[in-house]
file run-v1.txt (compact mmCIF, C-alpha atoms)
# COMPACT_ATOMS: atom_id res chain seq x y z
CA MET A 284 38.30 -77.37 -155.18
CA THR A 285 35.98 -79.65 -157.07
CA LEU A 286 32.90 -77.74 -155.93
CA VAL A 287 34.26 -74.54 -157.51
CA THR A 288 34.82 -76.35 -160.80
CA TYR A 289 31.32 -77.75 -160.65
CA VAL A 290 29.77 -74.36 -159.89
CA LEU A 291 31.73 -72.72 -162.70
CA ARG A 292 30.59 -75.38 -165.16
CA GLN A 293 26.99 -74.54 -164.32
CA GLY A 294 27.60 -70.80 -164.41
CA ASP A 295 29.48 -70.95 -167.72
CA ARG A 296 26.72 -73.02 -169.29
CA ALA A 297 24.26 -70.24 -168.48
CA LEU A 298 26.52 -67.30 -169.39
CA ILE A 299 27.73 -68.62 -172.75
CA LEU A 300 24.22 -69.56 -173.82
CA ALA A 301 23.08 -66.06 -172.84
CA GLN A 302 25.87 -64.50 -174.90
CA ARG A 303 24.79 -66.46 -177.98
CA LEU A 304 21.20 -65.31 -177.47
CA LEU A 305 22.27 -61.71 -177.07
CA GLU A 306 24.13 -61.82 -180.40
CA GLU A 307 20.74 -62.29 -182.02
CA ILE A 308 19.05 -59.25 -180.51
CA THR A 309 17.82 -56.95 -183.32
CA HIS A 310 18.10 -59.88 -185.77
CA ALA A 311 15.17 -61.98 -184.58
CA PRO A 312 12.19 -62.41 -186.92
CA GLU A 313 10.18 -59.75 -185.09
CA ILE A 314 10.85 -57.24 -182.33
CA GLU A 315 8.66 -59.31 -180.02
CA GLU A 316 11.05 -62.23 -180.46
CA ASP A 317 13.99 -59.90 -179.77
CA MET A 318 12.30 -59.16 -176.45
CA ALA A 319 11.72 -62.83 -175.74
CA LEU A 320 15.34 -63.77 -176.46
CA SER A 321 16.62 -60.91 -174.30
CA ASN A 322 14.42 -62.11 -171.47
CA LEU A 323 15.77 -65.65 -171.75
CA ALA A 324 19.32 -64.26 -171.82
CA LEU A 325 18.72 -62.05 -168.78
CA ASP A 326 17.40 -65.01 -166.81
CA LEU A 327 20.49 -67.01 -167.77
CA ILE A 328 22.82 -64.15 -166.85
CA GLY A 329 21.05 -63.97 -163.50
CA GLN A 330 21.71 -67.66 -162.96
CA ALA A 331 25.37 -67.22 -163.92
CA ARG A 332 25.76 -64.27 -161.55
CA GLY A 333 24.50 -66.24 -158.59
CA LEU A 334 26.76 -69.16 -159.40
CA TYR A 335 29.86 -66.99 -159.99
CA THR A 336 29.34 -65.10 -156.77
CA TYR A 337 29.08 -68.41 -154.96
CA ALA A 338 32.26 -69.67 -156.66
CA GLY A 339 34.13 -66.56 -155.52
CA GLY A 340 33.11 -67.15 -151.94
CA LEU A 341 34.14 -70.80 -152.13
CA GLU A 342 37.54 -69.95 -153.56
CA GLY A 343 38.18 -67.33 -150.91
CA PRO A 344 40.68 -64.51 -151.35
CA ALA A 345 43.01 -64.88 -154.35
CA ASP A 346 46.74 -64.04 -154.31
CA ASP A 347 45.92 -60.36 -154.48
CA GLY A 348 43.83 -60.67 -151.32
CA HIS A 349 40.53 -60.03 -153.08
CA VAL A 350 37.62 -62.42 -153.38
CA ARG A 351 36.76 -63.04 -157.02
CA THR A 352 33.59 -61.30 -158.16
CA GLU A 353 31.13 -62.36 -160.82
CA ASP A 354 32.83 -59.91 -163.19
CA HIS A 355 36.14 -61.67 -162.71
CA TYR A 356 34.71 -64.98 -163.86
CA ALA A 357 32.88 -63.47 -166.82
CA TYR A 358 35.47 -60.98 -168.05
CA TRP A 359 38.90 -61.91 -166.84
CA ARG A 360 39.21 -65.61 -167.48
CA GLU A 361 40.82 -67.00 -170.62
CA GLN A 362 39.03 -69.19 -173.12
CA HIS A 363 40.34 -72.47 -171.74
CA GLU A 364 39.08 -71.53 -168.28
CA PHE A 365 35.47 -71.58 -169.43
CA LEU A 366 33.87 -74.91 -168.63
CA ASN A 367 30.58 -74.83 -170.51
CA PRO A 368 29.40 -77.80 -172.58
CA LEU A 369 30.02 -77.33 -176.31
CA LEU A 370 26.32 -77.26 -177.18
CA VAL A 371 25.66 -73.82 -175.71
CA GLU A 372 28.53 -72.16 -177.59
CA GLN A 373 27.41 -73.36 -181.03
CA PRO A 374 26.78 -70.42 -183.37
CA ASN A 375 23.37 -69.07 -184.28
CA ASP A 376 23.74 -69.90 -188.02
CA ASP A 377 20.01 -69.40 -188.53
CA PHE A 378 16.99 -69.04 -186.28
CA ALA A 379 16.37 -72.79 -186.39
CA HIS A 380 19.87 -73.43 -185.01
CA LEU A 381 19.30 -70.93 -182.23
CA ILE A 382 16.01 -72.60 -181.32
CA ALA A 383 17.31 -76.16 -181.60
CA ARG A 384 20.27 -75.31 -179.37
CA GLN A 385 17.99 -73.67 -176.83
CA PHE A 386 15.49 -76.52 -176.87
CA LEU A 387 18.08 -79.33 -176.55
CA HIS A 388 19.59 -77.38 -173.65
CA ASP A 389 16.34 -76.45 -171.89
CA ALA A 390 15.00 -80.00 -172.05
CA MET A 391 18.04 -81.03 -170.01
CA ALA A 392 18.24 -77.92 -167.80
CA LEU A 393 14.69 -78.14 -166.46
CA PRO A 394 14.85 -81.65 -164.97
CA TYR A 395 18.43 -80.99 -163.88
CA TRP A 396 17.54 -77.86 -161.92
CA GLN A 397 14.53 -79.68 -160.52
CA ALA A 398 16.85 -82.39 -159.24
CA MET A 399 19.20 -79.73 -157.87
CA THR A 400 16.49 -78.27 -155.66
CA ASN A 401 17.22 -81.31 -153.46
CA SER A 402 20.93 -80.53 -153.27
CA ALA A 403 22.57 -80.98 -149.89
CA ASP A 404 24.18 -77.59 -150.58
CA ASP A 405 21.67 -74.95 -149.47
CA THR A 406 23.05 -72.26 -151.78
CA LEU A 407 22.83 -74.48 -154.84
CA ALA A 408 19.36 -75.68 -153.86
CA GLY A 409 18.25 -72.06 -153.57
CA LEU A 410 19.71 -71.06 -156.93
CA ALA A 411 18.09 -74.14 -158.46
CA GLY A 412 14.68 -73.20 -157.09
CA LYS A 413 14.81 -69.87 -158.89
CA ALA A 414 16.21 -71.43 -162.07
CA VAL A 415 13.43 -74.04 -162.25
CA LYS A 416 10.73 -71.42 -162.75
CA GLU A 417 12.78 -69.57 -165.36
CA THR A 418 13.82 -72.69 -167.22
CA ALA A 419 10.25 -74.00 -167.37
CA TYR A 420 9.38 -70.87 -169.29
CA HIS A 421 12.46 -71.13 -171.52
CA LEU A 422 11.54 -74.69 -172.43
CA ARG A 423 7.99 -73.67 -173.19
CA HIS A 424 9.30 -71.01 -175.55
CA SER A 425 11.93 -73.11 -177.33
CA ARG A 426 9.71 -76.18 -177.56
CA GLY A 427 6.90 -74.10 -179.04
CA TRP A 428 9.22 -72.83 -181.74
CA VAL A 429 10.57 -76.31 -182.54
CA VAL A 430 7.02 -77.48 -183.18
CA ARG A 431 6.04 -74.29 -185.01
CA LEU A 432 9.00 -74.48 -187.38
CA GLY A 433 9.14 -78.26 -187.74
CA ASP A 434 5.43 -78.47 -188.46
CA GLY A 435 5.51 -75.28 -190.52
CA THR A 436 6.44 -74.70 -194.15
CA ASP A 437 8.69 -77.00 -196.20
CA GLU A 438 11.51 -74.52 -195.73
CA SER A 439 11.12 -74.13 -191.97
CA HIS A 440 10.79 -77.92 -191.61
CA ARG A 441 13.97 -78.50 -193.61
CA ARG A 442 15.93 -75.94 -191.59
CA MET A 443 14.66 -77.20 -188.23
CA GLN A 444 15.59 -80.77 -189.12
CA ALA A 445 19.03 -79.65 -190.31
CA ALA A 446 19.59 -77.80 -187.03
CA ILE A 447 18.57 -80.79 -184.91
CA ASP A 448 20.78 -83.07 -187.01
CA HIS A 449 23.74 -80.74 -186.66
CA LEU A 450 23.44 -80.08 -182.92
CA TRP A 451 22.63 -83.64 -181.87
CA ARG A 452 26.33 -84.52 -181.64
CA TYR A 453 26.72 -82.03 -178.79
CA THR A 454 23.97 -83.48 -176.58
CA GLY A 455 25.96 -86.40 -175.17
CA GLU A 456 28.23 -84.06 -173.26
CA LEU A 457 25.24 -82.66 -171.34
CA PHE A 458 24.98 -85.93 -169.42
CA GLU A 459 28.66 -86.53 -168.75
CA HIS A 460 30.06 -86.62 -165.27
CA ASP A 461 33.65 -87.17 -164.23
CA HIS A 462 35.79 -87.43 -161.13
CA VAL A 463 35.12 -83.77 -160.41
CA GLU A 464 31.44 -84.43 -160.02
CA ASP A 465 31.27 -88.02 -158.86
CA GLU A 466 32.20 -87.15 -155.31
CA LEU A 467 29.70 -84.29 -155.26
CA ILE A 468 27.04 -86.61 -156.64
CA ALA A 469 27.82 -89.18 -153.97
CA ASP A 470 27.49 -86.49 -151.30
CA GLY A 471 24.14 -85.31 -152.69
CA VAL A 472 25.56 -81.88 -153.52
CA ALA A 473 25.36 -82.30 -157.29
CA ALA A 474 22.61 -84.07 -159.20
CA ASP A 475 23.74 -86.85 -161.51
CA PRO A 476 23.17 -85.55 -165.05
CA GLU A 477 22.75 -89.13 -166.21
CA SER A 478 19.65 -89.35 -164.02
CA VAL A 479 17.81 -86.80 -166.15
CA ARG A 480 18.78 -88.26 -169.53
CA ALA A 481 15.61 -90.37 -169.83
CA GLU A 482 13.38 -87.39 -169.05
CA TRP A 483 15.34 -85.27 -171.56
CA ARG A 484 14.85 -87.93 -174.21
CA ARG A 485 11.14 -88.21 -173.45
CA VAL A 486 10.59 -84.45 -173.80
CA VAL A 487 12.73 -84.25 -176.94
CA ASP A 488 11.05 -87.21 -178.64
CA GLU A 489 7.60 -85.89 -177.82
CA ALA A 490 8.36 -82.45 -179.25
CA LEU A 491 10.10 -83.82 -182.34
CA GLY A 492 7.13 -86.10 -182.97
CA GLU A 493 4.72 -83.21 -182.71
CA ALA A 494 6.96 -81.22 -185.05
CA ARG A 495 7.16 -84.06 -187.62
CA LEU A 496 10.93 -84.13 -187.11
CA GLU A 497 13.19 -87.18 -186.93
CA ALA A 498 15.46 -87.74 -183.96
CA PRO A 499 18.96 -88.45 -185.33
CA ASP A 500 20.83 -91.63 -184.45
CA ASP A 501 23.27 -91.25 -181.59
CA GLY A 502 26.61 -91.20 -183.40
CA VAL A 503 29.97 -90.01 -182.15
CA MET A 504 29.41 -87.29 -179.58
CA GLN A 505 31.59 -84.19 -179.34
CA THR A 506 33.02 -83.42 -175.95
CA GLY A 507 35.65 -81.33 -174.18
CA GLY A 508 33.97 -78.04 -173.40
CA ARG A 509 33.62 -78.88 -169.73
CA HIS A 510 37.39 -79.33 -169.63
CA GLY A 511 38.09 -76.04 -171.36
CA ARG A 512 38.51 -77.35 -174.91
CA HIS A 513 36.21 -75.31 -177.10
CA SER A 514 35.08 -75.21 -180.69
CA GLU A 515 36.03 -72.93 -183.51
CA GLY A 516 34.55 -69.50 -183.07
CA PHE A 517 34.61 -69.58 -179.28
CA SER A 518 37.43 -67.03 -179.20
CA TYR A 519 35.22 -64.55 -181.06
CA LEU A 520 32.39 -65.13 -178.61
CA ILE A 521 34.69 -64.56 -175.64
CA GLY A 522 36.31 -61.57 -177.35
CA GLU A 523 32.96 -59.86 -177.80
CA LEU A 524 31.85 -60.77 -174.29
CA GLN A 525 34.98 -59.35 -172.70
CA VAL A 526 36.02 -56.46 -174.93
CA LEU A 527 34.32 -53.68 -172.99
CA ALA A 528 35.50 -54.80 -169.57
CA ARG A 529 39.05 -55.22 -170.84
CA ALA A 530 39.11 -51.92 -172.73
CA HIS A 531 37.94 -50.09 -169.62
CA PRO A 532 39.26 -52.04 -166.63
CA GLY A 533 37.45 -51.22 -163.43
CA ALA A 534 34.57 -49.48 -165.18
CA SER A 535 31.28 -49.91 -163.38
CA TRP A 536 27.94 -50.20 -165.11
CA MET B 46 18.30 -63.95 -190.82
CA THR B 47 16.26 -61.19 -192.28
CA GLY B 48 14.81 -58.15 -190.60
CA SER B 49 11.25 -57.74 -189.51
CA THR B 50 8.88 -59.35 -191.95
CA SER B 51 5.87 -57.69 -190.32
CA ASP B 52 3.61 -60.45 -191.60
CA TRP B 53 2.73 -61.73 -188.16
CA PRO B 54 -0.79 -60.75 -187.18
CA LEU B 55 -1.44 -58.21 -184.46
CA TRP B 56 -2.95 -59.25 -181.13
CA GLU B 57 -4.63 -57.10 -178.50
CA VAL B 58 -3.37 -57.77 -174.99
CA PHE B 59 -5.49 -57.57 -171.85
CA VAL B 60 -3.95 -57.80 -168.39
CA ARG B 61 -5.70 -58.50 -165.11
CA ALA B 62 -3.77 -56.73 -162.39
CA LYS B 63 -5.09 -58.89 -159.56
CA ARG B 64 -7.79 -61.34 -158.77
CA GLY B 65 -11.28 -59.91 -158.76
CA VAL B 66 -10.73 -57.02 -161.16
CA SER B 67 -11.36 -57.06 -164.88
CA HIS B 68 -8.81 -57.47 -167.63
CA VAL B 69 -7.72 -54.09 -168.95
CA HIS B 70 -6.34 -53.41 -172.40
CA ALA B 71 -2.58 -53.01 -172.16
CA GLY B 72 -1.36 -52.82 -175.75
CA THR B 73 -0.59 -55.00 -178.74
CA VAL B 74 1.97 -57.60 -179.84
CA HIS B 75 2.81 -59.31 -183.09
CA ALA B 76 2.83 -63.11 -183.03
CA PRO B 77 2.31 -65.96 -185.49
CA ASP B 78 -0.18 -67.75 -183.24
CA ALA B 79 -2.12 -67.41 -180.00
CA GLU B 80 0.37 -69.34 -177.89
CA LEU B 81 3.26 -67.11 -178.88
CA ALA B 82 1.09 -64.01 -178.60
CA LEU B 83 0.56 -64.98 -174.97
CA GLN B 84 4.28 -65.46 -174.42
CA ASN B 85 5.16 -62.19 -176.14
CA ALA B 86 2.52 -60.42 -174.08
CA ARG B 87 3.99 -61.93 -170.94
CA ASP B 88 7.46 -60.68 -171.89
CA LEU B 89 6.25 -57.19 -172.71
CA PHE B 90 3.50 -56.51 -170.19
CA THR B 91 3.88 -58.66 -167.07
CA ARG B 92 7.58 -59.06 -166.40
CA ARG B 93 7.42 -56.50 -163.59
CA SER B 94 4.55 -58.09 -161.73
CA GLU B 95 1.88 -56.06 -163.50
CA GLY B 96 -0.58 -58.89 -163.69
CA VAL B 97 -1.84 -62.31 -162.73
CA SER B 98 -3.73 -63.15 -165.92
CA LEU B 99 -3.41 -62.39 -169.61
CA TRP B 100 -5.83 -62.47 -172.52
CA VAL B 101 -4.85 -62.09 -176.13
CA VAL B 102 -7.33 -61.51 -178.92
CA LYS B 103 -6.54 -61.22 -182.59
CA SER B 104 -6.99 -57.56 -183.46
CA SER B 105 -8.83 -58.56 -186.63
CA GLU B 106 -11.44 -60.32 -184.47
CA ILE B 107 -12.46 -57.06 -182.86
CA THR B 108 -15.30 -55.13 -184.43
CA ALA B 109 -14.75 -51.50 -183.51
CA SER B 110 -16.81 -48.38 -183.84
CA ASP B 111 -15.77 -46.05 -186.64
CA PRO B 112 -14.32 -42.73 -185.43
CA ASP B 113 -16.29 -41.02 -188.21
CA ASP B 114 -19.49 -42.24 -186.59
CA ARG B 115 -18.59 -40.58 -183.34
CA ASP B 116 -21.40 -38.05 -183.34
CA ALA B 117 -24.10 -40.53 -184.13
CA PHE B 118 -22.70 -43.08 -181.70
CA PHE B 119 -21.67 -41.10 -178.70
CA ASP B 120 -23.36 -37.69 -178.58
CA PRO B 121 -25.18 -37.45 -175.29
CA ALA B 122 -28.92 -37.55 -175.62
CA ALA B 123 -29.47 -34.76 -173.12
CA ASP B 124 -32.26 -33.18 -175.17
CA LYS B 125 -34.21 -36.43 -175.31
CA THR B 126 -35.69 -36.29 -171.87
CA PHE B 127 -37.57 -39.53 -172.37
CA ARG B 128 -34.23 -41.33 -172.21
CA HIS B 129 -33.70 -40.13 -168.69
CA PRO B 130 -36.01 -41.28 -165.98
CA THR B 131 -36.52 -37.74 -164.68
CA ASP B 132 -40.30 -37.64 -165.25
CA PHE B 133 -41.12 -40.62 -163.13
CA GLU B 134 -42.70 -39.96 -159.81
CA LEU B 135 -41.01 -42.03 -157.19
CA PRO B 136 -43.05 -43.70 -154.53
CA ASP B 137 -42.22 -42.44 -151.06
CA GLU B 138 -41.03 -45.87 -150.10
CA VAL B 139 -38.06 -45.49 -152.45
CA ALA B 140 -35.70 -43.52 -150.30
CA ASN B 141 -32.45 -43.10 -152.11
CA MET B 142 -32.53 -42.48 -155.84
call {"tool": "encode", "arguments": {"input": "run-v1.txt", "output": "structure tokens"}}
result
Amino acid sequence: MTLVTYVLRQGDRALILAQRLLEEITHAPEIEEDMALSNLALDLIGQARGLYTYAGGLEGPADDGHVRTEDHYAYWREQHEFLNPLLVEQPNDDFAHLIARQFLHDAMALPYWQAMTNSADDTLAGLAGKAVKETAYHLRHSRGWVVRLGDGTDESHRRMQAAIDHLWRYTGELFEHDHVEDELIADGVAADPESVRAEWRRVVDEALGEARLEAPDDGVMQTGGRHGRHSEGFSYLIGELQVLARAHPGASW
Amino acid sequence: MTGSTSDWPLWEVFVRAKRGVSHVHAGTVHAPDAELALQNARDLFTRRSEGVSLWVVKSSEITASDPDDRDAFFDPAADKTFRHPTDFELPDEVANM
């Protein structure tokens, strides 16, 4: 089912990014920023929940006769079954890395969700409509911080530039599409990620310019996350995400 | 990452619950600048539909009365009858005062 794979890719992108944000709670520069990051993460988890629930319905009953729930997709899949792009799983390293990752993601996610509001699939169009409002706010937050840090002190400028330089190699994958998606794109179910690349670049260049930061050259891009091949450290992320559910199977919140 | 540096200035947050009513003081946030103060205020005070408009003002920009001056500032002037318009004779034409 190509649609299931597509929906899981979108859901995993949101969930894994949320998990990275949640790792930072209580470590942000101020408690107000802890609140802001939790709010971004909660929005993203909400997006993932909607997408996972939809995927379960599309897949229909599994061998055990049960329809997969959102918890199944979050807690009971193995690492290689997660289909998020590599960018969103990159570690927090420092606050500049967290912000750069969020910004490079949000600048893609906003126009992508906007395009998805026209999806021929009513469920996806509905989920996109909700995500557009949330993502517009996320982008406002992450973009503001990119400018604040880039155009800040020598130290914050240096760190922000280093984070952009490091994470740039993961941006190419955001615009990839393959045989899984091409048919969905042709049918108007999925938006073509390539179609939002120019808008992404415009928003990124504008923010970097305002922040006195340099856009790196497009070199070799890292890829594979959307096919289940993840980077070092992903197993720890998944381990932390899943430990409670696996230690107490069937527990309800 | 380090813990709280507490060197962000404090901002007073005012929320307007709905159109047509005034902004009411809701609390404070820390933020490095006005834009982020607004965002932090949004996250803390309006995520549950409490408002349709937000103001933030740097706390240091507010000139406040000193609690020690309370008596001089706020004691009612009940014994100063000239401050109350009780001695005026109202014309008959003024019906409801």
call {"tool": "closest_atom_pairs", "arguments": {"input": "run-v1.txt", "of": "chain B", "to": "chain A", "cutoff": "12 Å", "atoms": "only C-alpha atoms", "output": "JSON lines"}}
result
{"residue": "B:Met46", "atom": "CA", "partner": "A:Asp377", "partner_atom": "CA", "distance": 6.2}
{"residue": "B:Thr47", "atom": "CA", "partner": "A:Pro312", "partner_atom": "CA", "distance": 6.8}
{"residue": "B:Gly48", "atom": "CA", "partner": "A:His310", "partner_atom": "CA", "distance": 6.1}
{"residue": "B:Ser49", "atom": "CA", "partner": "A:Glu313", "partner_atom": "CA", "distance": 5.0}
{"residue": "B:Thr50", "atom": "CA", "partner": "A:Pro312", "partner_atom": "CA", "distance": 6.8}
{"residue": "B:Ser51", "atom": "CA", "partner": "A:Glu313", "partner_atom": "CA", "distance": 7.1}
{"residue": "B:Asp52", "atom": "CA", "partner": "A:Glu313", "partner_atom": "CA", "distance": 9.3}
{"residue": "B:Trp53", "atom": "CA", "partner": "A:Glu313", "partner_atom": "CA", "distance": 8.3}
{"residue": "B:Pro54", "atom": "CA", "partner": "A:Glu313", "partner_atom": "CA", "distance": 11.2}
{"residue": "B:Leu55", "atom": "CA", "partner": "A:Glu315", "partner_atom": "CA", "distance": 11.1}
{"residue": "B:Trp56", "atom": "CA", "partner": "A:Glu315", "partner_atom": "CA", "distance": 11.7}
{"residue": "B:Thr73", "atom": "CA", "partner": "A:Glu315", "partner_atom": "CA", "distance": 10.3}
{"residue": "B:Val74", "atom": "CA", "partner": "A:Glu315", "partner_atom": "CA", "distance": 6.9}
{"residue": "B:His75", "atom": "CA", "partner": "A:Glu315", "partner_atom": "CA", "distance": 6.6}
{"residue": "B:Ala76", "atom": "CA", "partner": "A:Glu315", "partner_atom": "CA", "distance": 7.6}
{"residue": "B:Pro77", "atom": "CA", "partner": "A:Arg431", "partner_atom": "CA", "distance": 9.1}
{"residue": "B:Asp78", "atom": "CA", "partner": "A:Arg431", "partner_atom": "CA", "distance": 9.2}
{"residue": "B:Ala79", "atom": "CA", "partner": "A:Gly427", "partner_atom": "CA", "distance": 11.3}
{"residue": "B:Glu80", "atom": "CA", "partner": "A:Gly427", "partner_atom": "CA", "distance": 8.2}
{"residue": "B:Leu81", "atom": "CA", "partner": "A:Gly427", "partner_atom": "CA", "distance": 7.9}
{"residue": "B:Ala82", "atom": "CA", "partner": "A:Glu315", "partner_atom": "CA", "distance": 9.0}
{"residue": "B:Leu83", "atom": "CA", "partner": "A:His424", "partner_atom": "CA", "distance": 10.6}
{"residue": "B:Gln84", "atom": "CA", "partner": "A:His424", "partner_atom": "CA", "distance": 7.6}
{"residue": "B:Asn85", "atom": "CA", "partner": "A:Glu315", "partner_atom": "CA", "distance": 6.0}
{"residue": "B:Ala86", "atom": "CA", "partner": "A:Glu315", "partner_atom": "CA", "distance": 8.6}
{"residue": "B:Arg87", "atom": "CA", "partner": "A:Ala319", "partner_atom": "CA", "distance": 9.1}
{"residue": "B:Asp88", "atom": "CA", "partner": "A:Ala319", "partner_atom": "CA", "distance": 6.1}
{"residue": "B:Leu89", "atom": "CA", "partner": "A:Met318", "partner_atom": "CA", "distance": 7.4}
{"residue": "B:Phe90", "atom": "CA", "partner": "A:Met318", "partner_atom": "CA", "distance": 11.1}
{"residue": "B:Thr91", "atom": "CA", "partner": "A:Asn322", "partner_atom": "CA", "distance": 11.9}
{"residue": "B:Arg92", "atom": "CA", "partner": "A:Asn322", "partner_atom": "CA", "distance": 9.0}
{"residue": "B:Arg93", "atom": "CA", "partner": "A:Asn322", "partner_atom": "CA", "distance": 11.9}
call {"tool": "write_last_selection", "arguments": {"input": "run-v1.txt", "atoms": "C-alpha atoms", "output": "short mmCIF file (atom, residue, chain, number, x, y, z; two decimals), in the frame of the given file"}}
result
data_model
loop_
_atom_site.label_atom_id
_atom_site.label_comp_id
_atom_site.auth_asym_id
_atom_site.auth_seq_id
_atom_site.Cartn_x
_atom_site.Cartn_y
_atom_site.Cartn_z
CA MET B 46 18.30 -63.95 -190.82
CA THR B 47 16.26 -61.19 -192.28
CA GLY B 48 14.81 -58.15 -190.60
CA SER B 49 11.25 -57.74 -189.51
CA THR B 50 8.88 -59.35 -191.95
CA SER B 51 5.87 -57.69 -190.32
CA ASP B 52 3.61 -60.45 -191.60
CA TRP B 53 2.73 -61.73 -188.16
CA PRO B 54 -0.79 -60.75 -187.18
CA LEU B 55 -1.44 -58.21 -184.46
CA TRP B 56 -2.95 -59.25 -181.13
CA THR B 73 -0.59 -55.00 -178.74
CA VAL B 74 1.97 -57.60 -179.84
CA HIS B 75 2.81 -59.31 -183.09
CA ALA B 76 2.83 -63.11 -183.03
CA PRO B 77 2.31 -65.96 -185.49
CA ASP B 78 -0.18 -67.75 -183.24
CA ALA B 79 -2.12 -67.41 -180.00
CA GLU B 80 0.37 -69.34 -177.89
CA LEU B 81 3.26 -67.11 -178.88
CA ALA B 82 1.09 -64.01 -178.60
CA LEU B 83 0.56 -64.98 -174.97
CA GLN B 84 4.28 -65.46 -174.42
CA ASN B 85 5.16 -62.19 -176.14
CA ALA B 86 2.52 -60.42 -174.08
CA ARG B 87 3.99 -61.93 -170.94
CA ASP B 88 7.46 -60.68 -171.89
CA LEU B 89 6.25 -57.19 -172.71
CA PHE B 90 3.50 -56.51 -170.19
CA THR B 91 3.88 -58.66 -167.07
CA ARG B 92 7.58 -59.06 -166.40
CA ARG B 93 7.42 -56.50 -163.59
#
call {"tool": "atom_distance", "arguments": {"input": "run-v1.txt", "atom1": "atom CA of Leu327 of chain A", "atom2": "atom CA of Ala534 of chain A"}}
result
22.6 Å
call {"tool": "residues_around", "arguments": {"input": "run-v1.txt", "residues": "Val60 of chain B", "least_positions_apart": "6", "cutoff": "7 Å", "atoms": "only C-alpha atoms", "output": "list of chain:residue names"}}
result
B:His68, B:Val69, B:His70, B:Ala71, B:Gly96, B:Ser98, B:Leu99, B:Trp100
call {"tool": "atom_distance", "arguments": {"input": "run-v1.txt", "atom1": "atom CA of Ser425 of chain A", "atom2": "atom CA of Leu298 of chain A"}}
result
17.6 Å
call {"tool": "closest_residue", "arguments": {"input": "run-v1.txt", "among": "A:Lys416, A:Ala357, A:Gly435, A:Gln293", "to": "Glu493 of chain A", "atoms": "all atoms listed in the file"}}
result
A:Gly435
call {"tool": "residues_around", "arguments": {"input": "run-v1.txt", "residues": "Glu364 of chain A", "least_positions_apart": "2", "cutoff": "12 Å", "atoms": "only C-alpha atoms", "output": "ChimeraX atom specification"}}
result
/A:288,291-292,295,355-362,366-367,507-513,518,521
call {"tool": "atom_distance", "arguments": {"input": "run-v1.txt", "atom1": "atom CA of Ala297 of chain A", "atom2": "atom CA of Asp434 of chain A"}}
result
28.7 Å
